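Below: the structure, in structure tokens.
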Amino acid sequence: EICACLVGSEMCIRDSRNGLSLFSELKLYIYKRIKNMLLQLLFVLVAIIVGARLGGIGLGVMGGVGLAILTFVFGLQPTAPPIDVMLMIVAVISAASCMQAAGGLDYMVKLAERLLRRNPSQVTILSPLVTYLFTFVAGTGHVAYSVLPVIAEVATETKIRPERPLGIAVIASQQAITASPISAATVALLGLLTGFDITLFDILKITIPATLIGVLVGAFLSKKVGKELLEDPEYLRRLEAGMIDTKHVELNDVKNMFHARISVIIFIAATLLIVLFGSIPAMRPVFNGTALDMPAIIEILMLCAAAVILLISRTDGIKATQGSVFPAGMQAVIAIFGIAWMGDTFINGNITELTGSIEGIVRQMPWLFGLALFVMSILLYSQAATVRAIVPLGIALGISPMMLIALFPAVNGYFFIPNYPTVVAAINFDRTGTTGIGKWILNHSFMMPGMVATIVSIVVGLLLVQVF
């Protein structure tokens, strides 16, 4: 405040000791602080970029390196690690892994295959709805791997360009993260907004319709992407060269249909209970006059769901750790551990400079914060890590909690650079060669549906915020 007054009035007060004006000293001090902050930011970004290149747990451990530099080199006090968010993700992933081990995911894939094969001409519309539902139920986009080969095969058999359903299906699996009540990103956002009397239902009533509309708009526009399959030169070349395999994709057999079905029912029931407890605070147990918080409820219900699935299906607990869901979820936990801890420390240590420099701009144009979320998600490759790293800054800047919810789908930007696992998997599953990366890297099969779905979701979210 003193600095602002001096700058505004151009006052100069002489210091009798060294002859320098107080105004000049303050300018020098501010310059050093901003220079120091930008240097810290450089190390934070380097840690993020290197971690993303390492893949797997690389993002999390490089966050630890960045945190070490902030602490031991720049002298910033570390904040508390995001323990609640990490434990909630662990609980959800435990339940989803048990469902997968019991055959629940294979059962869901069988149902999806049946739906797509019965309506092959509508594969471009139905495919994203299937992957959206899978992610919505499981809380992770990695469950889309199992249905992508089915989508590619049905499209090829129907002579529909596979790029169309595959591109929007991958995007739908990402958009659903911000609509799923048990995803790591939604859980992280709920934890940050709890102090504003925001319930889980407040988030879902905005994000579910917003992302669904965004995905559907992207799906309808995808129906016109590229040439028809029978006119595509790459497909014709591969067909002539005998590179198109006509063999059907072999899905995993569901060994015990009862166990598979019951695991899905138990998991969905636990998810619905979480939504009820999150939407109706009066349902929660009260201790010493305070209702039990949502992180504890999510952890209790999901651990119980995992236990019941294992007991009823008689599934070996070790098998649950060997599927695709468990390692993907644990990578997310480690990423949030390192990156979110580093991000919190950086923001907390530089909150004065950050809020002072951009507060006015963000207050006038809050949508710019959505752009920041989008860009950081490209670097972090994780919606949850982006939420934990950036949303605290939005709260500090005074952005409305409902505005933050409307901007939430902006964290789905990691399709922008086409090297995310589900993106790469979709390219590999398309035997026709229509799904791919263009000459200029960014002109890939996922750019148009991804940008359309994200922008439409945000716009619809902003409209719904005004309604509610």
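Please note that chains go A, B, ... in the order of the structure tokens, that every chain numbers its residues from 1, and that ligands are numbered from 1 in the order shown.
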Residues near Met402 (chain A), anyone? I mean within 10 Å using only C-alpha atoms, not counting same-chain ones fewer than 4 positions away, as a PDB file with N, CA, C and O atoms, in the first residue's frame.
```pdb
ATOM      1  N   LEU A 193     -12.776 -25.794  -2.726  1.00  0.00           N
ATOM      2  CA  LEU A 193     -13.930 -24.893  -2.649  1.00  0.00           C
ATOM      3  C   LEU A 193     -14.826 -25.164  -1.442  1.00  0.00           C
ATOM      4  O   LEU A 193     -15.854 -24.500  -1.284  1.00  0.00           O
ATOM      5  N   PHE A 196     -16.049 -22.339   0.729  1.00  0.00           N
ATOM      6  CA  PHE A 196     -17.028 -21.403   0.165  1.00  0.00           C
ATOM      7  C   PHE A 196     -18.453 -21.959   0.215  1.00  0.00           C
ATOM      8  O   PHE A 196     -19.338 -21.462  -0.453  1.00  0.00           O
ATOM      9  N   ILE A 198     -19.500 -24.719  -1.000  1.00  0.00           N
ATOM     10  CA  ILE A 198     -19.806 -25.353  -2.281  1.00  0.00           C
ATOM     11  C   ILE A 198     -19.926 -26.856  -2.064  1.00  0.00           C
ATOM     12  O   ILE A 198     -19.039 -27.484  -1.477  1.00  0.00           O
ATOM     13  N   ASP A 202     -23.249 -28.828  -6.414  1.00  0.00           N
ATOM     14  CA  ASP A 202     -23.031 -27.518  -7.045  1.00  0.00           C
ATOM     15  C   ASP A 202     -22.073 -27.626  -8.221  1.00  0.00           C
ATOM     16  O   ASP A 202     -22.219 -26.930  -9.225  1.00  0.00           O
ATOM     17  N   ILE A 203     -21.070 -28.492  -8.084  1.00  0.00           N
ATOM     18  CA  ILE A 203     -20.109 -28.695  -9.167  1.00  0.00           C
ATOM     19  C   ILE A 203     -20.729 -29.506 -10.299  1.00  0.00           C
ATOM     20  O   ILE A 203     -20.653 -29.135 -11.472  1.00  0.00           O
ATOM     21  N   ILE A 206     -23.282 -28.136 -12.893  1.00  0.00           N
ATOM     22  CA  ILE A 206     -22.695 -27.298 -13.948  1.00  0.00           C
ATOM     23  C   ILE A 206     -21.896 -28.149 -14.931  1.00  0.00           C
ATOM     24  O   ILE A 206     -22.070 -28.060 -16.151  1.00  0.00           O
ATOM     25  N   ALA A 406     -17.294 -23.116 -13.606  1.00  0.00           N
ATOM     26  CA  ALA A 406     -17.595 -22.984 -15.034  1.00  0.00           C
ATOM     27  C   ALA A 406     -16.346 -23.136 -15.887  1.00  0.00           C
ATOM     28  O   ALA A 406     -16.396 -23.684 -16.996  1.00  0.00           O
ATOM     29  N   LEU A 407     -15.198 -22.675 -15.371  1.00  0.00           N
ATOM     30  CA  LEU A 407     -13.933 -22.765 -16.099  1.00  0.00           C
ATOM     31  C   LEU A 407     -13.258 -24.122 -15.914  1.00  0.00           C
ATOM     32  O   LEU A 407     -12.232 -24.388 -16.558  1.00  0.00           O
ATOM     33  N   PHE A 408     -13.806 -24.953 -15.054  1.00  0.00           N
ATOM     34  CA  PHE A 408     -13.202 -26.247 -14.725  1.00  0.00           C
ATOM     35  C   PHE A 408     -12.864 -27.094 -15.959  1.00  0.00           C
ATOM     36  O   PHE A 408     -11.779 -27.695 -16.031  1.00  0.00           O
ATOM     37  N   GLY A 461     -21.056 -23.811 -19.417  1.00  0.00           N
ATOM     38  CA  GLY A 461     -20.876 -23.689 -17.974  1.00  0.00           C
ATOM     39  C   GLY A 461     -21.103 -22.272 -17.479  1.00  0.00           C
ATOM     40  O   GLY A 461     -21.752 -22.052 -16.450  1.00  0.00           O
ATOM     41  N   LEU A 462     -20.589 -21.286 -18.224  1.00  0.00           N
ATOM     42  CA  LEU A 462     -20.792 -19.884 -17.858  1.00  0.00           C
ATOM     43  C   LEU A 462     -22.276 -19.508 -17.916  1.00  0.00           C
ATOM     44  O   LEU A 462     -22.764 -18.756 -17.068  1.00  0.00           O
ATOM     45  N   LEU A 464     -24.794 -21.662 -17.497  1.00  0.00           N
ATOM     46  CA  LEU A 464     -25.474 -22.360 -16.406  1.00  0.00           C
ATOM     47  C   LEU A 464     -25.224 -21.683 -15.057  1.00  0.00           C
ATOM     48  O   LEU A 464     -26.106 -21.671 -14.183  1.00  0.00           O
ATOM     49  N   VAL A 465     -24.032 -21.114 -14.893  1.00  0.00           N
ATOM     50  CA  VAL A 465     -23.741 -20.377 -13.656  1.00  0.00           C
ATOM     51  C   VAL A 465     -24.703 -19.208 -13.503  1.00  0.00           C
ATOM     52  O   VAL A 465     -25.180 -18.913 -12.397  1.00  0.00           O
ATOM     53  N   GLN A 466     -24.991 -18.524 -14.614  1.00  0.00           N
ATOM     54  CA  GLN A 466     -25.944 -17.407 -14.558  1.00  0.00           C
ATOM     55  C   GLN A 466     -27.354 -17.903 -14.203  1.00  0.00           C
ATOM     56  O   GLN A 466     -28.086 -17.253 -13.474  1.00  0.00           O
ATOM     57  N   PHE A 468     -28.158 -20.732 -12.426  1.00  0.00           N
ATOM     58  CA  PHE A 468     -28.228 -21.256 -11.073  1.00  0.00           C
ATOM     59  C   PHE A 468     -27.844 -20.246 -10.009  1.00  0.00           C
ATOM     60  O   PHE A 468     -27.944 -20.519  -8.834  1.00  0.00           O
TER      61      PHE A 468
END
```
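Close contacts of Val137 (chain A), defined as residues with an atom at most 10 Å away when counting only C-alpha atoms, with chain neighbours fewer than 6 positions off set aside, comprise Ala96, Thr131, Val143, Ala176, Ile177, Ala179, Ser180, Pro181, Ile182, Ser183, Val264, Phe267, Ile268, Thr271 and Leu272 of chain A.
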Expected file contents, prior selection, N, CA, C and O atoms, as a compact mmCIF listing (two decimals), in the first residue's frame:
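File produced: out_12.txt:
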```txt
# COMPACT_ATOMS: atom_id res chain seq x y z
N ALA A 96 -11.96 -49.02 -8.00
CA ALA A 96 -12.01 -49.24 -9.45
C ALA A 96 -11.14 -50.42 -9.86
O ALA A 96 -11.50 -51.19 -10.75
N THR A 131 -17.45 -43.77 -24.05
CA THR A 131 -16.22 -43.46 -23.31
C THR A 131 -16.48 -42.44 -22.21
O THR A 131 -15.86 -42.49 -21.14
N VAL A 143 -9.78 -46.00 -18.61
CA VAL A 143 -10.67 -47.13 -18.91
C VAL A 143 -11.08 -47.13 -20.38
O VAL A 143 -11.61 -48.12 -20.87
N ALA A 176 -15.11 -36.11 -19.44
CA ALA A 176 -15.88 -36.73 -18.37
C ALA A 176 -15.16 -36.68 -17.03
O ALA A 176 -15.80 -36.82 -15.98
N ILE A 177 -13.85 -36.50 -17.05
CA ILE A 177 -13.09 -36.37 -15.80
C ILE A 177 -13.65 -35.22 -14.97
O ILE A 177 -13.79 -35.31 -13.74
N ALA A 179 -16.57 -34.12 -14.94
CA ALA A 179 -17.97 -34.33 -14.60
C ALA A 179 -18.16 -35.51 -13.65
O ALA A 179 -19.23 -35.67 -13.06
N SER A 180 -17.13 -36.32 -13.48
CA SER A 180 -17.24 -37.50 -12.63
C SER A 180 -17.15 -37.11 -11.16
O SER A 180 -16.23 -36.40 -10.75
N PRO A 181 -18.08 -37.58 -10.34
CA PRO A 181 -18.05 -37.21 -8.91
C PRO A 181 -16.89 -37.82 -8.14
O PRO A 181 -16.60 -37.39 -7.03
N ILE A 182 -16.23 -38.83 -8.72
CA ILE A 182 -15.15 -39.50 -7.99
C ILE A 182 -13.80 -39.34 -8.68
O ILE A 182 -12.82 -39.97 -8.28
N SER A 183 -13.71 -38.51 -9.71
CA SER A 183 -12.41 -38.31 -10.37
C SER A 183 -11.49 -37.51 -9.46
O SER A 183 -11.96 -36.73 -8.61
N VAL A 264 -19.80 -54.09 -10.65
CA VAL A 264 -20.22 -52.82 -11.26
C VAL A 264 -21.33 -52.18 -10.42
O VAL A 264 -21.32 -50.96 -10.16
N PHE A 267 -19.86 -50.70 -7.19
CA PHE A 267 -19.09 -49.49 -7.46
C PHE A 267 -20.01 -48.30 -7.76
O PHE A 267 -19.82 -47.20 -7.24
N ILE A 268 -21.02 -48.54 -8.58
CA ILE A 268 -21.95 -47.45 -8.91
C ILE A 268 -22.76 -47.04 -7.68
O ILE A 268 -23.01 -45.84 -7.46
N THR A 271 -20.67 -44.80 -5.64
CA THR A 271 -20.58 -43.48 -6.29
C THR A 271 -21.84 -42.66 -6.03
O THR A 271 -21.76 -41.46 -5.75
N LEU A 272 -23.00 -43.29 -6.13
CA LEU A 272 -24.25 -42.58 -5.88
C LEU A 272 -24.35 -42.12 -4.43
O LEU A 272 -24.85 -41.01 -4.16
```
Between A:Glu153, A:Glu231, A:Glu163, A:Asp293, which residue has the minimum interatomic distance to Phe446 (chain A), considering only C-alpha atoms?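 Result for the nearest residue to Phe446 (chain A): A:Glu163.
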Neighbour list for Pro281 (chain A) as a PDB file with C-alpha atoms, in the first residue's frame, cut-off 10 Å, only C-alpha atoms, skip fewer than 2 positions in-chain:
```pdb
ATOM      1  CA  THR A 199     -21.220 -28.893  -2.385  1.00  0.00           C
ATOM      2  CA  LEU A 200     -20.462 -31.703  -4.807  1.00  0.00           C
ATOM      3  CA  LEU A 276     -25.905 -37.970  -2.050  1.00  0.00           C
ATOM      4  CA  PHE A 277     -23.626 -37.218   0.904  1.00  0.00           C
ATOM      5  CA  GLY A 278     -21.920 -34.466  -1.101  1.00  0.00           C
ATOM      6  CA  SER A 279     -25.191 -32.893  -2.194  1.00  0.00           C
ATOM      7  CA  MET A 283     -27.044 -36.807   5.660  1.00  0.00           C
ATOM      8  CA  ARG A 284     -23.479 -36.711   6.979  1.00  0.00           C
ATOM      9  CA  PRO A 285     -22.647 -37.845  10.541  1.00  0.00           C
ATOM     10  CA  VAL A 286     -22.065 -34.968  12.975  1.00  0.00           C
ATOM     11  CA  ALA A 291     -20.524 -32.628   9.920  1.00  0.00           C
ATOM     12  CA  LEU A 292     -18.020 -35.169   8.648  1.00  0.00           C
ATOM     13  CA  ASP A 293     -16.146 -33.685   5.684  1.00  0.00           C
ATOM     14  CA  MET A 294     -16.378 -35.121   2.166  1.00  0.00           C
TER      15      MET A 294
END
```
Using 12 Å as the limit and counting only C-alpha atoms, can you tabulate each residue of region 148-225 of chain A that touches region 339-350 of chain A, with its shortest atom-to-atom distance in Å and the two atoms involved, as a tab-separated table?
```
residue	atom	partner	partner_atom	distance
A:Ala185	CA	A:Ala340	CA	12.0
A:Ala188	CA	A:Ala340	CA	10.4
A:Leu192	CA	A:Asp344	CA	11.9
```
Tell me, as a PyMOL selection string, which residues lie within 12 Å of Ala410 (chain A), counting only C-alpha atoms; anything in the same chain fewer than 4 positions away does not count. chain A and resi 174-175+177-178+185+207+210-211+214+367-378+382-384+386-387+390-391+403-406+414-416+450-459+461
Given the choices A:Ser94, A:Asn428, A:Ser222, A:Ser24, which gets closest to Gly329 (chain A) if the distance is worked out from only C-alpha atoms?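 Closest candidate: A:Ser94.
Nearest-residue note for Pro165 (chain A): choosing from A:Gly139, A:Pro78, A:Gly195, A:Gly218, the minimum distance belongs to A:Gly218, counting only C-alpha atoms.
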Nearest to Tyr235 (chain A) among A:Ile160, A:Ile395, A:Met302, A:Ile171, with distances taken over only C-alpha atoms: which residue is it?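 The shortest atom-to-atom distance to Tyr235 (chain A) comes from A:Ile160.
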Give me, as a PyMOL selection string, the residues of region 202-355 of chain A that a backbone DSSP run labels strand (DSSP E or B). chain A and resi 286-287+290-291
Based on DSSP run over this structure's backbone, return all residues of region 194-347 of chain A in helix (DSSP H, G or I), as a PyMOL selection string. chain A and resi 194-196+200-222+229-231+233-240+257-279+281-283+294-313+317-320+325-347
If you count only C-alpha atoms, which residues fall within 12 Å of Leu126 (chain A), apart from same-chain ones fewer than 6 positions away, as an MDAnalysis selection string? chainID A and resid 112:120 132:133 147 151 154:155 164:166 168:169 172 215:216 219:220 223
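Within the 7 Å cut-off around Lys159 (chain A), using only C-alpha atoms and omitting residues fewer than 3 positions from it on the same chain, the listed residues are Ala155, Thr156, Leu229 and Leu230 of chain A.
Straight-line separation from CA of Gly323 (chain A) to CA of Ser97 (chain A): 6.8 Å.
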Please determine, counting only C-alpha atoms, which residue among A:Gln331, A:Ser173, A:Thr79, A:Thr434 has the shortest atom-to-atom distance to Pro128 (chain A).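 Answer, going by the shortest atom-to-atom distance: A:Ser173.
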Shell around Ile262 (chain A) at 9 Å using only C-alpha atoms, local window under 3 positions removed, as a list in words: Met99, Ala102, Gly104, Met257, Phe258, His259, Ile265, Ile266, Phe267, Ile309, Ile312 and Ser313 of chain A
Can I get the selection written as a PDB file, in the first residue's frame, with N, CA, C and O atoms?
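The resulting file, part_37.pdb, is reproduced below:
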```
ATOM      1  N   MET A  99     -12.960 -53.583  -9.014  1.00  0.00           N
ATOM      2  CA  MET A  99     -14.014 -53.816 -10.005  1.00  0.00           C
ATOM      3  C   MET A  99     -13.424 -54.398 -11.276  1.00  0.00           C
ATOM      4  O   MET A  99     -13.986 -55.329 -11.876  1.00  0.00           O
ATOM      5  N   ALA A 102     -12.468 -58.026 -10.793  1.00  0.00           N
ATOM      6  CA  ALA A 102     -13.641 -58.908 -10.729  1.00  0.00           C
ATOM      7  C   ALA A 102     -14.322 -59.070 -12.081  1.00  0.00           C
ATOM      8  O   ALA A 102     -15.307 -59.811 -12.196  1.00  0.00           O
ATOM      9  N   GLY A 104     -15.541 -56.455 -13.900  1.00  0.00           N
ATOM     10  CA  GLY A 104     -16.540 -55.423 -14.127  1.00  0.00           C
ATOM     11  C   GLY A 104     -16.286 -54.582 -15.369  1.00  0.00           C
ATOM     12  O   GLY A 104     -17.206 -54.300 -16.142  1.00  0.00           O
ATOM     13  N   MET A 257     -19.900 -63.994 -14.850  1.00  0.00           N
ATOM     14  CA  MET A 257     -20.787 -62.870 -15.161  1.00  0.00           C
ATOM     15  C   MET A 257     -21.431 -62.282 -13.905  1.00  0.00           C
ATOM     16  O   MET A 257     -21.600 -61.067 -13.792  1.00  0.00           O
ATOM     17  N   PHE A 258     -21.774 -63.160 -12.938  1.00  0.00           N
ATOM     18  CA  PHE A 258     -22.385 -62.657 -11.703  1.00  0.00           C
ATOM     19  C   PHE A 258     -21.431 -61.743 -10.956  1.00  0.00           C
ATOM     20  O   PHE A 258     -21.810 -60.650 -10.512  1.00  0.00           O
ATOM     21  N   HIS A 259     -20.194 -62.188 -10.793  1.00  0.00           N
ATOM     22  CA  HIS A 259     -19.201 -61.374 -10.082  1.00  0.00           C
ATOM     23  C   HIS A 259     -18.934 -60.058 -10.821  1.00  0.00           C
ATOM     24  O   HIS A 259     -18.772 -59.006 -10.183  1.00  0.00           O
ATOM     25  N   ILE A 265     -22.280 -52.983  -9.961  1.00  0.00           N
ATOM     26  CA  ILE A 265     -23.395 -52.467  -9.156  1.00  0.00           C
ATOM     27  C   ILE A 265     -22.880 -51.866  -7.845  1.00  0.00           C
ATOM     28  O   ILE A 265     -23.305 -50.778  -7.429  1.00  0.00           O
ATOM     29  N   ILE A 266     -21.948 -52.572  -7.200  1.00  0.00           N
ATOM     30  CA  ILE A 266     -21.396 -52.078  -5.929  1.00  0.00           C
ATOM     31  C   ILE A 266     -20.656 -50.765  -6.136  1.00  0.00           C
ATOM     32  O   ILE A 266     -20.816 -49.801  -5.366  1.00  0.00           O
ATOM     33  N   PHE A 267     -19.860 -50.696  -7.194  1.00  0.00           N
ATOM     34  CA  PHE A 267     -19.089 -49.486  -7.457  1.00  0.00           C
ATOM     35  C   PHE A 267     -20.012 -48.304  -7.756  1.00  0.00           C
ATOM     36  O   PHE A 267     -19.818 -47.198  -7.238  1.00  0.00           O
ATOM     37  N   ILE A 309     -16.455 -55.794  -2.871  1.00  0.00           N
ATOM     38  CA  ILE A 309     -16.230 -56.430  -4.180  1.00  0.00           C
ATOM     39  C   ILE A 309     -15.304 -57.630  -4.045  1.00  0.00           C
ATOM     40  O   ILE A 309     -15.559 -58.718  -4.593  1.00  0.00           O
ATOM     41  N   ILE A 312     -17.244 -60.532  -2.038  1.00  0.00           N
ATOM     42  CA  ILE A 312     -18.340 -61.201  -2.760  1.00  0.00           C
ATOM     43  C   ILE A 312     -17.826 -61.947  -3.989  1.00  0.00           C
ATOM     44  O   ILE A 312     -18.262 -63.067  -4.278  1.00  0.00           O
ATOM     45  N   SER A 313     -16.895 -61.324  -4.717  1.00  0.00           N
ATOM     46  CA  SER A 313     -16.390 -61.964  -5.943  1.00  0.00           C
ATOM     47  C   SER A 313     -15.249 -62.931  -5.668  1.00  0.00           C
ATOM     48  O   SER A 313     -14.777 -63.616  -6.586  1.00  0.00           O
TER      49      SER A 313
END
```
Provide the CA of Leu379 (chain A) to CA of Leu38 (chain A) distance in Å, to one decimal place.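 Value for the CA of Leu379 (chain A)-CA of Leu38 (chain A) distance: 17.6 Å.
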For CA of Trp440 (chain A) and CA of Ile49 (chain A), quote the distance in Å rounded to one decimal.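 Answer for the CA of Trp440 (chain A) to CA of Ile49 (chain A) separation: 20.5 Å.
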